file start-v9.cif (mmCIF, C-alpha atoms)
data_protein
#
loop_
_atom_site.label_atom_id
_atom_site.label_comp_id
_atom_site.auth_asym_id
_atom_site.auth_seq_id
_atom_site.Cartn_x
_atom_site.Cartn_y
_atom_site.Cartn_z
CA MET A 1081 -30.37 -7.45 17.64
CA LYS A 1082 -32.96 -4.70 17.62
CA LYS A 1083 -33.86 -3.22 21.00
CA LEU A 1084 -37.53 -3.39 21.95
CA GLU A 1085 -38.91 0.12 22.41
CA LEU A 1086 -41.58 -0.10 25.08
CA ASP A 1087 -42.06 3.67 25.29
CA ARG A 1088 -44.01 3.58 22.03
CA HIS A 1089 -46.60 1.35 23.71
CA CYS A 1090 -47.05 3.45 26.87
CA PRO A 1091 -49.37 6.41 27.35
CA ALA A 1092 -47.83 9.68 26.19
CA GLY A 1093 -45.57 11.07 28.89
CA MET A 1094 -45.37 7.83 30.86
CA GLY A 1095 -42.12 5.94 30.61
CA SER A 1096 -41.91 2.22 30.16
CA SER A 1097 -40.05 1.90 33.46
CA THR A 1098 -43.37 2.14 35.36
CA ALA A 1099 -44.88 -0.75 33.40
CA VAL A 1100 -41.71 -2.84 33.67
CA ALA A 1101 -41.58 -2.26 37.44
CA TYR A 1102 -45.26 -3.22 37.80
CA TYR A 1103 -44.94 -6.47 35.87
CA THR A 1104 -41.59 -7.41 37.44
CA THR A 1105 -43.08 -6.94 40.90
CA THR A 1106 -46.16 -8.91 39.87
CA PHE A 1107 -44.09 -11.81 38.53
CA LEU A 1108 -41.89 -11.91 41.63
CA LEU A 1109 -44.69 -11.62 44.20
CA GLY A 1110 -46.92 -14.05 42.34
CA SER A 1111 -44.13 -16.60 41.96
CA PHE A 1112 -43.18 -16.31 45.62
CA TYR A 1113 -46.79 -16.73 46.74
CA ALA A 1114 -47.30 -19.69 44.40
CA ALA A 1115 -44.14 -21.44 45.61
CA VAL A 1116 -44.97 -20.97 49.29
CA ASN A 1117 -48.63 -21.89 48.90
CA TYR A 1118 -47.88 -24.94 46.78
CA SER A 1119 -45.22 -26.16 49.21
CA LEU A 1120 -47.83 -25.94 51.99
CA GLN A 1121 -50.28 -27.86 49.81
CA ILE A 1122 -47.65 -30.52 49.13
CA GLN A 1123 -46.92 -30.87 52.86
CA ARG A 1124 -50.63 -31.35 53.55
CA LEU A 1125 -50.82 -33.86 50.70
CA ARG A 1126 -47.78 -35.72 52.07
CA ARG A 1127 -49.49 -36.09 55.46
CA MET A 1128 -52.64 -37.37 53.76
CA ALA A 1129 -50.60 -39.83 51.67
CA TRP A 1130 -48.83 -41.06 54.80
CA ASP A 1131 -52.22 -41.70 56.42
CA ILE A 1132 -53.21 -43.78 53.40
CA THR A 1133 -50.02 -45.85 53.29
CA SER A 1134 -50.01 -46.45 57.04
CA GLY A 1135 -53.59 -47.68 56.83
CA ARG A 1136 -54.86 -45.40 59.57
CA HIS A 1137 -57.91 -44.31 57.64
CA GLU A 1138 -59.15 -43.89 54.12
CA VAL A 1139 -58.52 -40.45 52.69
CA ALA A 1140 -59.24 -39.30 49.16
CA LEU A 1141 -56.31 -37.35 47.78
CA PRO A 1142 -57.16 -34.16 45.92
CA THR A 1143 -56.42 -33.97 42.22
CA PHE A 1144 -53.51 -32.00 40.88
CA HIS A 1145 -55.89 -29.33 39.64
CA ALA A 1146 -57.39 -28.86 43.09
CA THR A 1147 -53.91 -28.68 44.60
CA VAL A 1148 -52.45 -26.15 42.19
CA GLU A 1149 -55.41 -23.83 41.59
CA GLN A 1150 -55.11 -22.12 44.96
CA ALA A 1151 -51.39 -21.48 44.44
CA LEU A 1152 -51.87 -19.97 40.98
CA PHE A 1153 -55.03 -17.96 41.67
CA PRO A 1154 -53.15 -14.65 42.17
CA PHE A 1155 -51.88 -14.84 38.59
CA LEU A 1156 -55.47 -14.80 37.36
CA LEU A 1157 -56.17 -11.77 39.55
CA PHE A 1158 -53.06 -9.99 38.29
CA ALA A 1159 -54.00 -10.75 34.68
CA LEU A 1160 -57.49 -9.36 35.27
CA GLY A 1161 -55.83 -6.38 36.92
CA GLY A 1162 -54.37 -5.65 33.50
CA LEU A 1163 -57.90 -4.78 32.36
CA VAL A 1164 -58.09 -2.20 35.14
CA LEU A 1165 -54.73 -0.91 33.98
CA VAL A 1166 -56.19 -0.30 30.51
CA GLY A 1167 -58.74 2.07 32.05
CA LEU A 1168 -56.09 3.77 34.18
CA ASN A 1169 -53.91 4.29 31.10
CA TYR A 1170 -56.83 5.94 29.33
CA LEU A 1171 -57.56 8.19 32.32
CA TYR A 1172 -53.86 9.10 32.45
CA HIS A 1173 -54.36 11.18 29.28
CA TYR A 1174 -56.85 13.44 31.08
CA GLN A 1175 -54.32 14.62 33.68
CA GLY A 1176 -52.79 18.09 33.46
CA SER A 1177 -51.15 18.95 30.17
CA ARG A 1178 -51.47 15.43 28.75
CA SER A 1179 -54.31 16.37 26.47
CA ILE A 1180 -56.66 13.66 25.34
CA TYR A 1181 -57.56 15.90 22.43
CA LEU A 1182 -53.99 15.82 21.12
CA MET A 1183 -54.03 12.02 21.13
CA ARG A 1184 -57.33 12.00 19.24
CA ARG A 1185 -55.96 14.34 16.56
CA LEU A 1186 -52.94 12.21 15.73
CA PRO A 1187 -52.74 10.95 12.13
CA ARG A 1188 -52.89 7.34 13.27
CA ARG A 1189 -56.45 6.70 14.30
CA TRP A 1190 -55.74 3.84 16.71
CA GLU A 1191 -52.71 5.36 18.46
CA LEU A 1192 -54.58 6.07 21.71
CA LEU A 1193 -56.05 2.57 21.85
CA ARG A 1194 -52.66 0.99 21.13
CA ARG A 1195 -50.91 3.01 23.81
CA CYS A 1196 -53.55 2.18 26.42
CA THR A 1197 -53.98 -1.54 25.76
CA THR A 1198 -50.75 -3.07 24.41
CA LEU A 1199 -48.68 -3.44 27.58
CA PRO A 1200 -51.52 -4.43 29.95
CA LEU A 1201 -52.84 -7.10 27.57
CA ALA A 1202 -49.38 -8.43 26.73
CA GLY A 1203 -48.51 -8.49 30.43
CA GLY A 1204 -51.72 -10.37 31.23
CA VAL A 1205 -50.99 -12.99 28.59
CA LEU A 1206 -47.42 -13.37 29.88
CA LEU A 1207 -48.72 -13.80 33.43
CA LEU A 1208 -51.08 -16.57 32.35
CA VAL A 1209 -48.32 -18.30 30.36
CA TRP A 1210 -46.02 -18.03 33.40
CA ALA A 1211 -48.74 -19.58 35.59
CA LEU A 1212 -49.04 -22.49 33.15
CA LEU A 1213 -45.26 -22.99 33.23
CA LEU A 1214 -45.33 -22.98 37.03
CA ALA A 1215 -48.10 -25.60 36.94
CA LEU A 1216 -45.90 -27.75 34.72
CA LEU A 1217 -43.03 -27.24 37.16
CA PHE A 1218 -45.23 -28.17 40.14
CA ARG A 1219 -46.59 -31.36 38.52
CA PRO A 1220 -43.57 -33.64 39.29
CA PHE A 1221 -43.79 -32.74 42.99
CA TYR A 1222 -47.41 -33.86 43.03
CA LEU A 1223 -46.57 -37.13 41.28
CA ALA A 1224 -43.71 -37.83 43.71
CA ILE A 1225 -46.10 -37.58 46.69
CA LEU A 1226 -48.69 -40.04 45.35
CA PRO A 1227 -48.51 -43.40 47.13
CA GLU A 1228 -48.28 -46.66 45.22
CA GLY A 1229 -51.57 -47.83 43.85
CA TYR A 1230 -52.80 -44.34 43.05
CA GLU A 1231 -53.11 -43.71 39.36
CA ALA A 1232 -52.26 -40.15 38.39
CA ALA A 1233 -54.42 -38.81 35.61
CA GLY A 1234 -52.70 -37.36 32.57
CA LEU A 1235 -51.64 -33.74 32.72
CA ILE A 1236 -54.04 -32.59 30.02
CA ALA A 1237 -56.97 -34.53 31.50
CA VAL A 1238 -56.41 -32.93 34.91
CA PHE A 1239 -56.42 -29.42 33.48
CA TRP A 1240 -59.68 -30.04 31.62
CA ARG A 1241 -61.59 -31.33 34.65
#
call {"tool": "encode", "arguments": {"input": "start-v9.cif", "output": "structure tokens"}}
result
Amino acid sequence: MKKLELDRHCPAGMGSSTAVAYYTTTFLLGSFYAAVNYSLQIQRLRRMAWDITSGRHEVALPTFHATVEQALFPFLLFALGGLVLVGLNYLYHYQGSRSIYLMRRLPRRWELLRRCTTLPLAGGVLLLVWALLLALLFRPFYLAILPEGYEAAGLIAVFWR
């Protein structure tokens, strides 16, 4: 199996270890925040569902989308942070001996653009895909909390609301 060479997609002089460390930390912190936040949301939802089944008072349960959006919001911020990283990668070429002029004189016209954008955009897409997978993982917990008589909307319909 061919080894993926990430150094070719990093700014000149910057190793891929920096990008890998950034995205690994982002995935871990984002996943931890999402799990803790969603578990708190589920506990709140469980109390609301208990109030409904005990007949104490009428409470409208939030939809799955409303429950999960707060837990997965950091992934959207981290993905948008990838756009900031594109600009930082471009500015990286202006530091010290890392000449921007050398990158502009390379035979491949789009080399500078590729080195500045590939990893941040790929990382942003992976973060959004990971957030979607977490939402699919969180869905059964939401359905388990719903009391009898509540009809859960389909997964696709909830995401499009």
call {"tool": "atom_distance", "arguments": {"input": "start-v9.cif", "atom1": "CA of Asp1087 in chain A", "atom2": "CA of Thr1197 in chain A"}}
result
13.0 Å
call {"tool": "resolve_selection", "arguments": {"input": "start-v9.cif", "expression": "the PyMOL selection byres ((chain A and resi 1169-1181) around 12)", "output": "JSON, numbers by chain"}}
result
{"A": [1089, 1090, 1091, 1092, 1093, 1094, 1095, 1098, 1099, 1162, 1163, 1164, 1165, 1166, 1167, 1168, 1182, 1183, 1184, 1185, 1186, 1191, 1192, 1193, 1194, 1195, 1196, 1197, 1198, 1199, 1200, 1201]}
call {"tool": "atom_distance", "arguments": {"input": "start-v9.cif", "atom1": "CA of Gly1204 in chain A", "atom2": "CA of Phe1107 in chain A"}}
result
10.7 Å
call {"tool": "resolve_selection", "arguments": {"input": "start-v9.cif", "expression": "the PyMOL selection byres ((chain A and resi 1119-1121) around 12)", "output": "MDAnalysis selection string"}}
result
chainID A and resid 1112:1118 1122:1128 1141:1152 1218:1219 1221:1222 1225
call {"tool": "atom_distance", "arguments": {"input": "start-v9.cif", "atom1": "CA of Gly1110 in chain A", "atom2": "CA of Val1209 in chain A"}}
result
12.8 Å
call {"tool": "closest_residue", "arguments": {"input": "start-v9.cif", "among": "A:Gly1203, A:Leu1160, A:Ala1224, A:Ala1129", "to": "Tyr1102 in chain A", "atoms": "all atoms listed in the file"}}
result
A:Gly1203
call {"tool": "build_atoms", "arguments": {"input": "start-v9.cif", "residues": "range 1146-1177 of chain A", "atoms": "N, CA and C atoms", "output": "JSON list (two decimals), keeping the file's coordinate frame"}}
result
[["chain", "number", "residue", "atom", "x", "y", "z"],
["A", 1146, "ALA", "N", -56.93, -29.42, 41.82],
["A", 1146, "ALA", "CA", -57.39, -28.86, 43.09],
["A", 1146, "ALA", "C", -56.22, -28.38, 43.94],
["A", 1147, "THR", "N", -55.08, -29.04, 43.81],
["A", 1147, "THR", "CA", -53.91, -28.68, 44.60],
["A", 1147, "THR", "C", -53.26, -27.40, 44.08],
["A", 1148, "VAL", "N", -53.21, -27.26, 42.77],
["A", 1148, "VAL", "CA", -52.45, -26.15, 42.19],
["A", 1148, "VAL", "C", -53.28, -24.88, 41.98],
["A", 1149, "GLU", "N", -54.60, -25.02, 41.92],
["A", 1149, "GLU", "CA", -55.41, -23.83, 41.59],
["A", 1149, "GLU", "C", -55.32, -22.74, 42.64],
["A", 1150, "GLN", "N", -55.21, -23.13, 43.90],
["A", 1150, "GLN", "CA", -55.11, -22.12, 44.96],
["A", 1150, "GLN", "C", -53.77, -21.39, 44.89],
["A", 1151, "ALA", "N", -52.72, -22.10, 44.52],
["A", 1151, "ALA", "CA", -51.39, -21.48, 44.44],
["A", 1151, "ALA", "C", -51.29, -20.51, 43.27],
["A", 1152, "LEU", "N", -52.00, -20.80, 42.18],
["A", 1152, "LEU", "CA", -51.87, -19.97, 40.98],
["A", 1152, "LEU", "C", -52.99, -18.95, 40.82],
["A", 1153, "PHE", "N", -53.91, -18.90, 41.76],
["A", 1153, "PHE", "CA", -55.03, -17.96, 41.67],
["A", 1153, "PHE", "C", -54.59, -16.49, 41.58],
["A", 1154, "PRO", "N", -53.55, -16.06, 42.30],
["A", 1154, "PRO", "CA", -53.15, -14.65, 42.17],
["A", 1154, "PRO", "C", -52.76, -14.25, 40.75],
["A", 1155, "PHE", "N", -52.24, -15.18, 39.96],
["A", 1155, "PHE", "CA", -51.88, -14.84, 38.59],
["A", 1155, "PHE", "C", -53.12, -14.48, 37.77],
["A", 1156, "LEU", "N", -54.22, -15.15, 38.04],
["A", 1156, "LEU", "CA", -55.47, -14.80, 37.36],
["A", 1156, "LEU", "C", -55.92, -13.41, 37.79],
["A", 1157, "LEU", "N", -55.80, -13.11, 39.08],
["A", 1157, "LEU", "CA", -56.17, -11.77, 39.55],
["A", 1157, "LEU", "C", -55.28, -10.69, 38.94],
["A", 1158, "PHE", "N", -53.97, -10.97, 38.88],
["A", 1158, "PHE", "CA", -53.06, -9.99, 38.29],
["A", 1158, "PHE", "C", -53.34, -9.80, 36.80],
["A", 1159, "ALA", "N", -53.67, -10.87, 36.10],
["A", 1159, "ALA", "CA", -54.00, -10.75, 34.68],
["A", 1159, "ALA", "C", -55.27, -9.94, 34.49],
["A", 1160, "LEU", "N", -56.27, -10.17, 35.34],
["A", 1160, "LEU", "CA", -57.49, -9.36, 35.27],
["A", 1160, "LEU", "C", -57.22, -7.92, 35.69],
["A", 1161, "GLY", "N", -56.23, -7.73, 36.56],
["A", 1161, "GLY", "CA", -55.83, -6.38, 36.92],
["A", 1161, "GLY", "C", -55.29, -5.60, 35.73],
["A", 1162, "GLY", "N", -54.81, -6.32, 34.73],
["A", 1162, "GLY", "CA", -54.37, -5.65, 33.50],
["A", 1162, "GLY", "C", -55.52, -4.93, 32.80],
["A", 1163, "LEU", "N", -56.74, -5.46, 32.93],
["A", 1163, "LEU", "CA", -57.90, -4.78, 32.36],
["A", 1163, "LEU", "C", -58.16, -3.46, 33.07],
["A", 1164, "VAL", "N", -57.96, -3.45, 34.38],
["A", 1164, "VAL", "CA", -58.09, -2.20, 35.14],
["A", 1164, "VAL", "C", -57.01, -1.22, 34.71],
["A", 1165, "LEU", "N", -55.84, -1.76, 34.42],
["A", 1165, "LEU", "CA", -54.73, -0.91, 33.98],
["A", 1165, "LEU", "C", -55.01, -0.25, 32.64],
["A", 1166, "VAL", "N", -55.78, -0.91, 31.78],
["A", 1166, "VAL", "CA", -56.19, -0.30, 30.51],
["A", 1166, "VAL", "C", -56.99, 0.98, 30.78],
["A", 1167, "GLY", "N", -57.94, 0.90, 31.70],
["A", 1167, "GLY", "CA", -58.74, 2.07, 32.05],
["A", 1167, "GLY", "C", -57.90, 3.16, 32.69],
["A", 1168, "LEU", "N", -56.97, 2.78, 33.55],
["A", 1168, "LEU", "CA", -56.09, 3.77, 34.18],
["A", 1168, "LEU", "C", -55.19, 4.45, 33.15],
["A", 1169, "ASN", "N", -54.72, 3.69, 32.17],
["A", 1169, "ASN", "CA", -53.91, 4.29, 31.10],
["A", 1169, "ASN", "C", -54.72, 5.30, 30.30],
["A", 1170, "TYR", "N", -55.98, 4.99, 30.06],
["A", 1170, "TYR", "CA", -56.83, 5.94, 29.33],
["A", 1170, "TYR", "C", -57.07, 7.20, 30.16],
["A", 1171, "LEU", "N", -57.34, 7.03, 31.45],
["A", 1171, "LEU", "CA", -57.56, 8.19, 32.32],
["A", 1171, "LEU", "C", -56.30, 9.02, 32.51],
["A", 1172, "TYR", "N", -55.14, 8.41, 32.32],
["A", 1172, "TYR", "CA", -53.86, 9.10, 32.45],
["A", 1172, "TYR", "C", -53.78, 10.26, 31.46],
["A", 1173, "HIS", "N", -54.41, 10.12, 30.31],
["A", 1173, "HIS", "CA", -54.36, 11.18, 29.28],
["A", 1173, "HIS", "C", -55.19, 12.41, 29.67],
["A", 1174, "TYR", "N", -56.03, 12.31, 30.65],
["A", 1174, "TYR", "CA", -56.85, 13.44, 31.08],
["A", 1174, "TYR", "C", -56.17, 14.29, 32.15],
["A", 1175, "GLN", "N", -54.99, 13.89, 32.61],
["A", 1175, "GLN", "CA", -54.32, 14.62, 33.68],
["A", 1175, "GLN", "C", -53.49, 15.77, 33.14],
["A", 1176, "GLY", "N", -53.64, 16.93, 33.74],
["A", 1176, "GLY", "CA", -52.79, 18.09, 33.46],
["A", 1176, "GLY", "C", -52.65, 18.42, 31.99],
["A", 1177, "SER", "N", -51.41, 18.53, 31.54],
["A", 1177, "SER", "CA", -51.15, 18.95, 30.17],
["A", 1177, "SER", "C", -51.15, 17.78, 29.19]]
